[in-house]
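Before any comments, here is the structure.
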Amino acid sequence: MSINFRDLLALEPLTADELGFLLDQSKPFQEIQKHPLKKLATLRGKTVALAFFETSTRTRISFGTAASRLGADSMNLQAEASSLKKGETLLDTVFNLNAMKPDCLVMRHAASGATDYVARHLDIPVVNAGDGTHEHPSQGLLDALTIRDRLGTIKNLNVTILGDILHSRVARSNIHLLGKFGCKFALCGPAMWVPRELEKIAPGTPIRCVYRIEEALEGADVIIMLRVQTERLDDPPLSANDYVLLYQLNAERLRRASSNAIVLHPGPMNRGIEITPEVADGPQSCVLEQVTNGVAVRMAILYLLISGATESGTHPALEVKSKESANASD
Amino acid sequence: MLLIKNGRVMDPASKTDAALDVLLDGEKIKEVGPAGKVLAPQGTEVFDASGLIVAPGFIDLHVHLREPGQESSETIETGTRAAARGGFTAVCCMPNTKPVNDNASVTRFILDRAKVGGSVRVWPIGAASVGSKGEAIAEIAAMKEAGIVAVSDDGKPIATARLARQVMDYCRSLELPVIEHSEDASLAAGAVMREGVTSTRLGLRGMPGAAESVCVARDVQLAELTGARLHVAHLSAKASLEQVRWAKSRGLRVSCEVTPHHFTLIDEDVQYDSKFKMNPPLAAREDREALLAGLADGTVDAIATDHAPHEPALKDVEFDRAPFGILGFETALVLALEQLVQSGRISLMRMVELFTTGPARVLGIERKVAAGQPADLTVFSTEHVWTYNVKESPSKSRNSPFDGRAFKGAAVATIVGGRIVYKQ
């Protein structure tokens, strides 16, 4: 097994085998997070360009940490420091970054499809760190890794996603990954944020839009919370009190889920709005494991795309775990 | 003089479909007669149209020539050259130029430029409101005197129902059609494509089909109230077509046009490629089916291109930021042949009608191949096989989703005022 794609732009086009491979490849990097000395030399001499055209804290730090722990250098572009405000086009900005010869571009942008658009014009691997309301592939992978660690499998689970699904790139990546492993979805939130069209975005994956949280949580194995983007409460105008009344995840509601259900949240959380502190800090919450796994998943992504794009050779850490992964960069 | 001989003349106005020769004398058709029987004086230029269709000159009711103000995307000269290559002999240019064509001096400027550098006839459409801002009625009578053929605030609808009603009242007295870009601004706000499974999957903001049809519903009811001639531009939604059908069944003077891209493509074709971004956006599969049915049953009056050039620097950006609109002139006839005629949905005669007598009726004029008529003809092939290469277009812009598409059929000669302005 190896990867036959140059970029990681979305999880939708990937097969279950490819997704499973990416998760397997993350395993040894998870181990590295537990070591007292976390820095490898695998990508020494390589450079990762981090271009965040939309503000981000944890994803940018997570990718930066992943690059650094692989021994790579990184160059940082942040929206506020960029030339975009001076009228430069996205493509010109990216071409300028590319002229500094990075080996990979990690990019976040507020416009859906912006990473696809840039990747069509670049000859280095491009990693989508979130494009508009389309996909957030590394988040989808780290969520799956977290679920697999806690529940032992990602197959045939009942997954409930709560919140503003329409505007969530995390939800789309979750659906496209877990759906390929037989998971069933209940999407729940205010009707304006949970349009029926969502039931058809991943043909073959059973997706139900439900508008009562009690019904959505019934028998759930995994509950994925989405941040209520407070700026979205204005569009459409929606009362925060109504949201809490109808859709807040609290301990009582959580009891409707299966007894070993887990709760994920991509962060940042609005405690007291979409989730109560009791649930956020409770034993079923995986929030901080997700963050740790984020670094491991992003190390695997950078390692596979950069070494796969340039040369042969496998990191020793990968050989320990599985024979298969020795072919990672064929 | 110019003799078009051995062609198959198709004239929807008289239901003629026969081997006829057509003799043109300057601006007028001099004689139409059986092949070989029309006598031309010595020195007459002869065009052999053997194996070709000779039709009345095609009219495009909806185009953007970008002059004045956006000459880096198109000019009257480049746009009309592209129109001629597509077989169009007359094009109606929308008023959303810079400045807006909302007064007689801009109208005269456009007509002067067309006289100097235009390959085909340019028939300006005046703004309905000053600056197309939807506040005050533009100087429509003065523009009519200068030469406009209709009014529209295209790019958006006439902003309020009240103003739309007043414009319709006024234009009824002036005998001008009111062309509406029907779109409810609040439903369409921020949208970059049609709302549906594809927009939801791609994470692009969509506008529902109702953004168009609620405005069409408003406008047809105002047409009933005022008795005005209402023409619905680039109609894309099934529900809008039903409104037009309702209006026609009540005998209202309501007509509509459909673009080639809306009867060819659907929202599922959008893949973050701004060449597929236009307004109204590509609609749902069932909308396209409804448009095809409307083109066949007569509900649709005309095919119009909505030719909307944007220079590459504007269009080659993130999908969200790209302006709406695509090129249309050179692919309209061939898409109609491919989607409507070769597929067996309509007859060749009906297709010719949609490009000629259909749009002419919207403007309240005649269009036929007969002695005394304007010497505007479109000669086309239904057999010629070729591939569209947008780089070869005379247009200044390149924003076509049909670049590289193979076609069967082509415009072979475009004749305006007795002169061949384009020959393949």
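Residues in the structure tokens are numbered from 1 in each chain, the chains being A, B, ... in the order shown, and ligands are numbered from 1 in the order shown.
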
Problem set entry | chain A residues near chain B (12 Å cut-off, only C-alpha atoms) as a count of residues only | 52

Problem set entry | strand (DSSP E or B) positions in stretch 61-224 of chain B, given as a count of residues only | 27

For this session: Excluding stretch 45-47 of chain A and any residue of its chain fewer than 3 positions from it, enumerate the residues within 7 Å of it, using only C-alpha atoms, and give them as a PyMOL selection string.
Result: chain A and resi 72-74+102-104

Take the residues from that selection and put them in a file with C-alpha atoms, as a PDB file, in the first residue's frame.
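Written file, again-v7.pdb:
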ATOM      1  CA  ALA A  72      11.630  20.282   8.789  1.00  0.00           C
ATOM      2  CA  ASP A  73      11.813  24.032   8.749  1.00  0.00           C
ATOM      3  CA  SER A  74       8.695  26.047   8.221  1.00  0.00           C
ATOM      4  CA  PRO A 102       9.293  24.985   0.017  1.00  0.00           C
ATOM      5  CA  ASP A 103       8.730  21.236  -0.330  1.00  0.00           C
ATOM      6  CA  CYS A 104       5.080  21.378   0.636  1.00  0.00           C
TER       7      CYS A 104
END

Exercise. Which one is closest to B:Val54: B:Thr414, B:Gln339, B:Thr299, B:Ser249? Count only C-alpha atoms.
Worked result: B:Thr414

For this session: Could you give me, as a VMD selection string, the residues within 8 Å of B:Ala237, counting only C-alpha atoms and dropping anything in the same chain fewer than 2 positions from it?
Result: chain B and resid 209 to 210 212 to 213 235 239 to 241 283 287 to 288 290 to 291

For this session: Would you mind listing what lies within 8 Å of stretch 152-164 of chain A as number ranges by chain, with only C-alpha atoms counted and same-chain residues fewer than 5 positions away left out?
Result: A: 144, 147, 171, 178, 181-190, 193-194, 216-217, 219-229, 247, 274

Kindly export the residues of the current selection with N, CA and C atoms, as an mmCIF file, in the first residue's frame.
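Dumped to part.cif:
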data_model
loop_
_atom_site.group_PDB
_atom_site.id
_atom_site.type_symbol
_atom_site.label_atom_id
_atom_site.label_comp_id
_atom_site.auth_asym_id
_atom_site.auth_seq_id
_atom_site.Cartn_x
_atom_site.Cartn_y
_atom_site.Cartn_z
ATOM 1 N N ALA A 144 -10.963 10.491 13.436
ATOM 2 C CA ALA A 144 -11.092 9.041 13.232
ATOM 3 C C ALA A 144 -10.069 8.288 14.079
ATOM 4 N N ILE A 147 -11.281 8.251 17.628
ATOM 5 C CA ILE A 147 -12.391 7.309 17.800
ATOM 6 C C ILE A 147 -11.863 5.876 17.828
ATOM 7 N N ALA A 171 -17.445 18.750 9.612
ATOM 8 C CA ALA A 171 -18.513 17.758 9.447
ATOM 9 C C ALA A 171 -18.382 17.037 8.107
ATOM 10 N N LEU A 178 -15.622 8.632 7.800
ATOM 11 C CA LEU A 178 -16.290 7.582 8.572
ATOM 12 C C LEU A 178 -17.359 6.875 7.738
ATOM 13 N N PHE A 181 -16.403 3.711 6.147
ATOM 14 C CA PHE A 181 -16.222 2.557 7.026
ATOM 15 C C PHE A 181 -17.567 2.083 7.578
ATOM 16 N N GLY A 182 -18.642 2.454 6.917
ATOM 17 C CA GLY A 182 -19.952 1.920 7.286
ATOM 18 C C GLY A 182 -20.658 2.656 8.404
ATOM 19 N N CYS A 183 -20.133 3.794 8.807
ATOM 20 C CA CYS A 183 -20.804 4.533 9.882
ATOM 21 C C CYS A 183 -22.102 5.151 9.375
ATOM 22 N N LYS A 184 -23.064 5.274 10.304
ATOM 23 C CA LYS A 184 -24.344 5.927 9.986
ATOM 24 C C LYS A 184 -24.393 7.254 10.717
ATOM 25 N N PHE A 185 -24.992 8.245 10.077
ATOM 26 C CA PHE A 185 -24.950 9.592 10.646
ATOM 27 C C PHE A 185 -26.332 10.124 10.986
ATOM 28 N N ALA A 186 -26.390 10.792 12.135
ATOM 29 C CA ALA A 186 -27.539 11.649 12.439
ATOM 30 C C ALA A 186 -26.989 13.057 12.566
ATOM 31 N N LEU A 187 -27.493 13.950 11.728
ATOM 32 C CA LEU A 187 -27.055 15.338 11.776
ATOM 33 C C LEU A 187 -28.148 16.143 12.452
ATOM 34 N N CYS A 188 -27.772 16.948 13.426
ATOM 35 C CA CYS A 188 -28.805 17.605 14.215
ATOM 36 C C CYS A 188 -28.429 19.042 14.532
ATOM 37 N N GLY A 189 -29.402 19.911 14.399
ATOM 38 C CA GLY A 189 -29.205 21.318 14.717
ATOM 39 C C GLY A 189 -30.388 22.094 14.192
ATOM 40 N N PRO A 190 -30.361 23.415 14.319
ATOM 41 C CA PRO A 190 -31.450 24.236 13.784
ATOM 42 C C PRO A 190 -31.601 23.982 12.277
ATOM 43 N N TRP A 193 -29.412 25.347 9.560
ATOM 44 C CA TRP A 193 -28.028 24.878 9.515
ATOM 45 C C TRP A 193 -27.931 23.402 9.119
ATOM 46 N N VAL A 194 -29.068 22.755 9.017
ATOM 47 C CA VAL A 194 -29.055 21.324 8.712
ATOM 48 C C VAL A 194 -30.018 21.062 7.545
ATOM 49 N N ALA A 216 -31.637 12.476 17.991
ATOM 50 C CA ALA A 216 -30.324 12.374 17.346
ATOM 51 C C ALA A 216 -29.341 11.594 18.208
ATOM 52 N N LEU A 217 -29.492 11.688 19.535
ATOM 53 C CA LEU A 217 -28.508 11.064 20.431
ATOM 54 C C LEU A 217 -28.817 9.600 20.722
ATOM 55 N N GLY A 219 -28.807 6.059 21.011
ATOM 56 C CA GLY A 219 -27.940 4.975 20.528
ATOM 57 C C GLY A 219 -26.650 5.426 19.883
ATOM 58 N N ALA A 220 -26.277 6.695 20.034
ATOM 59 C CA ALA A 220 -25.057 7.185 19.385
ATOM 60 C C ALA A 220 -23.818 6.579 20.036
ATOM 61 N N ASP A 221 -22.850 6.186 19.199
ATOM 62 C CA ASP A 221 -21.554 5.727 19.703
ATOM 63 C C ASP A 221 -20.561 6.880 19.772
ATOM 64 N N VAL A 222 -20.716 7.808 18.834
ATOM 65 C CA VAL A 222 -19.800 8.946 18.749
ATOM 66 C C VAL A 222 -20.635 10.206 18.598
ATOM 67 N N ILE A 223 -20.316 11.226 19.382
ATOM 68 C CA ILE A 223 -21.005 12.515 19.245
ATOM 69 C C ILE A 223 -19.951 13.558 18.901
ATOM 70 N N ILE A 224 -20.102 14.127 17.729
ATOM 71 C CA ILE A 224 -19.159 15.163 17.308
ATOM 72 C C ILE A 224 -19.850 16.512 17.422
ATOM 73 N N MET A 225 -19.312 17.336 18.305
ATOM 74 C CA MET A 225 -19.863 18.672 18.502
ATOM 75 C C MET A 225 -19.182 19.616 17.516
ATOM 76 N N LEU A 226 -19.935 20.590 17.047
ATOM 77 C CA LEU A 226 -19.313 21.631 16.242
ATOM 78 C C LEU A 226 -19.422 22.931 17.007
ATOM 79 N N ARG A 227 -18.442 23.754 16.833
ATOM 80 C CA ARG A 227 -18.489 25.047 17.498
ATOM 81 C C ARG A 227 -19.639 25.866 16.913
ATOM 82 N N VAL A 228 -20.426 26.459 17.807
ATOM 83 C CA VAL A 228 -21.413 27.417 17.327
ATOM 84 C C VAL A 228 -20.648 28.700 17.054
ATOM 85 N N GLN A 229 -20.530 28.998 15.761
ATOM 86 C CA GLN A 229 -19.780 30.200 15.408
ATOM 87 C C GLN A 229 -20.653 31.387 15.750
ATOM 88 N N TYR A 247 -30.515 22.538 21.698
ATOM 89 C CA TYR A 247 -29.402 21.739 21.165
ATOM 90 C C TYR A 247 -28.174 21.634 22.045
ATOM 91 N N GLU A 274 -22.859 25.406 23.267
ATOM 92 C CA GLU A 274 -23.182 24.108 22.670
ATOM 93 C C GLU A 274 -22.918 22.936 23.610
#

Exercise. Which neighbours of B:Val341 fall inside 12 Å, counting only C-alpha atoms, when residues of the same chain fewer than 3 positions from it are skipped, and could you give them as a PyMOL selection string?
Worked result: chain B and resi 292+295-296+333-338+344-352+354+382+408-409

Exercise. In Å, with one decimal, what is the gap from atom CA of A:Val263 to atom CA of A:Phe53?
Worked result: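 Interatomic distance here is 29.7 Å.
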
Exercise. Counting only C-alpha atoms, what is within 9 Å of A:Thr15, bar same-chain residues fewer than 4 positions away, as a VMD selection string?
Worked result: chain A and resid 11 19 to 20 177 180

Any chance you could list, as a CSV table (one decimal) with C-alpha atoms, in the first residue's frame, the residues in stretch 73-141 of chain A that come up helix (DSSP H, G or I) when DSSP is run on the backbone?
chain,number,residue,atom,x,y,z
A,79,ALA,CA,-3.4,36.7,6.6
A,80,GLU,CA,-2.8,39.9,8.4
A,81,ALA,CA,0.9,39.9,7.3
A,84,LEU,CA,-3.6,40.2,-0.1
A,85,LYS,CA,-4.7,43.5,1.4
A,86,LYS,CA,-2.4,45.3,-1.0
A,90,LEU,CA,-4.0,34.6,-4.2
A,91,LEU,CA,-2.1,32.9,-7.0
A,92,ASP,CA,0.6,35.6,-7.0
A,93,THR,CA,1.0,35.3,-3.3
A,94,VAL,CA,1.3,31.6,-3.5
A,95,PHE,CA,3.7,31.8,-6.4
A,96,ASN,CA,5.9,34.1,-4.4
A,97,LEU,CA,6.0,31.6,-1.5
A,98,ASN,CA,6.7,28.8,-3.9
A,114,ALA,CA,-9.3,27.7,-2.8
A,115,THR,CA,-6.8,24.9,-2.1
A,116,ASP,CA,-8.0,22.9,-5.2
A,117,TYR,CA,-7.5,26.0,-7.2
A,118,VAL,CA,-4.0,26.7,-5.9
A,119,ALA,CA,-3.0,23.0,-6.2
A,137,PRO,CA,-9.1,16.7,6.0
A,138,SER,CA,-6.5,16.5,8.8
A,139,GLN,CA,-9.3,17.2,11.3
A,140,GLY,CA,-11.3,14.3,9.8
A,141,LEU,CA,-8.3,12.0,10.1

Problem set entry | Atomic distance atom CA of B:Asp306 - atom CA of B:Ala146, expressed in Å with one decimal | 23.4 Å

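Among A:Leu145, A:Leu105, A:Ile213, A:Cys286, the residue with the shortest atom-to-atom distance to A:Asp24, counting only C-alpha atoms, is A:Leu145.
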
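Taking atom CA of B:Val362 as the reference point, atom CA of B:Ile125 is found at 12.8 Å.
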
Problem set entry | Using only C-alpha atoms: which of A:Ala257, A:Leu70, A:Cys209, A:Leu246 has the shortest distance to A:Ile32 | A:Leu70
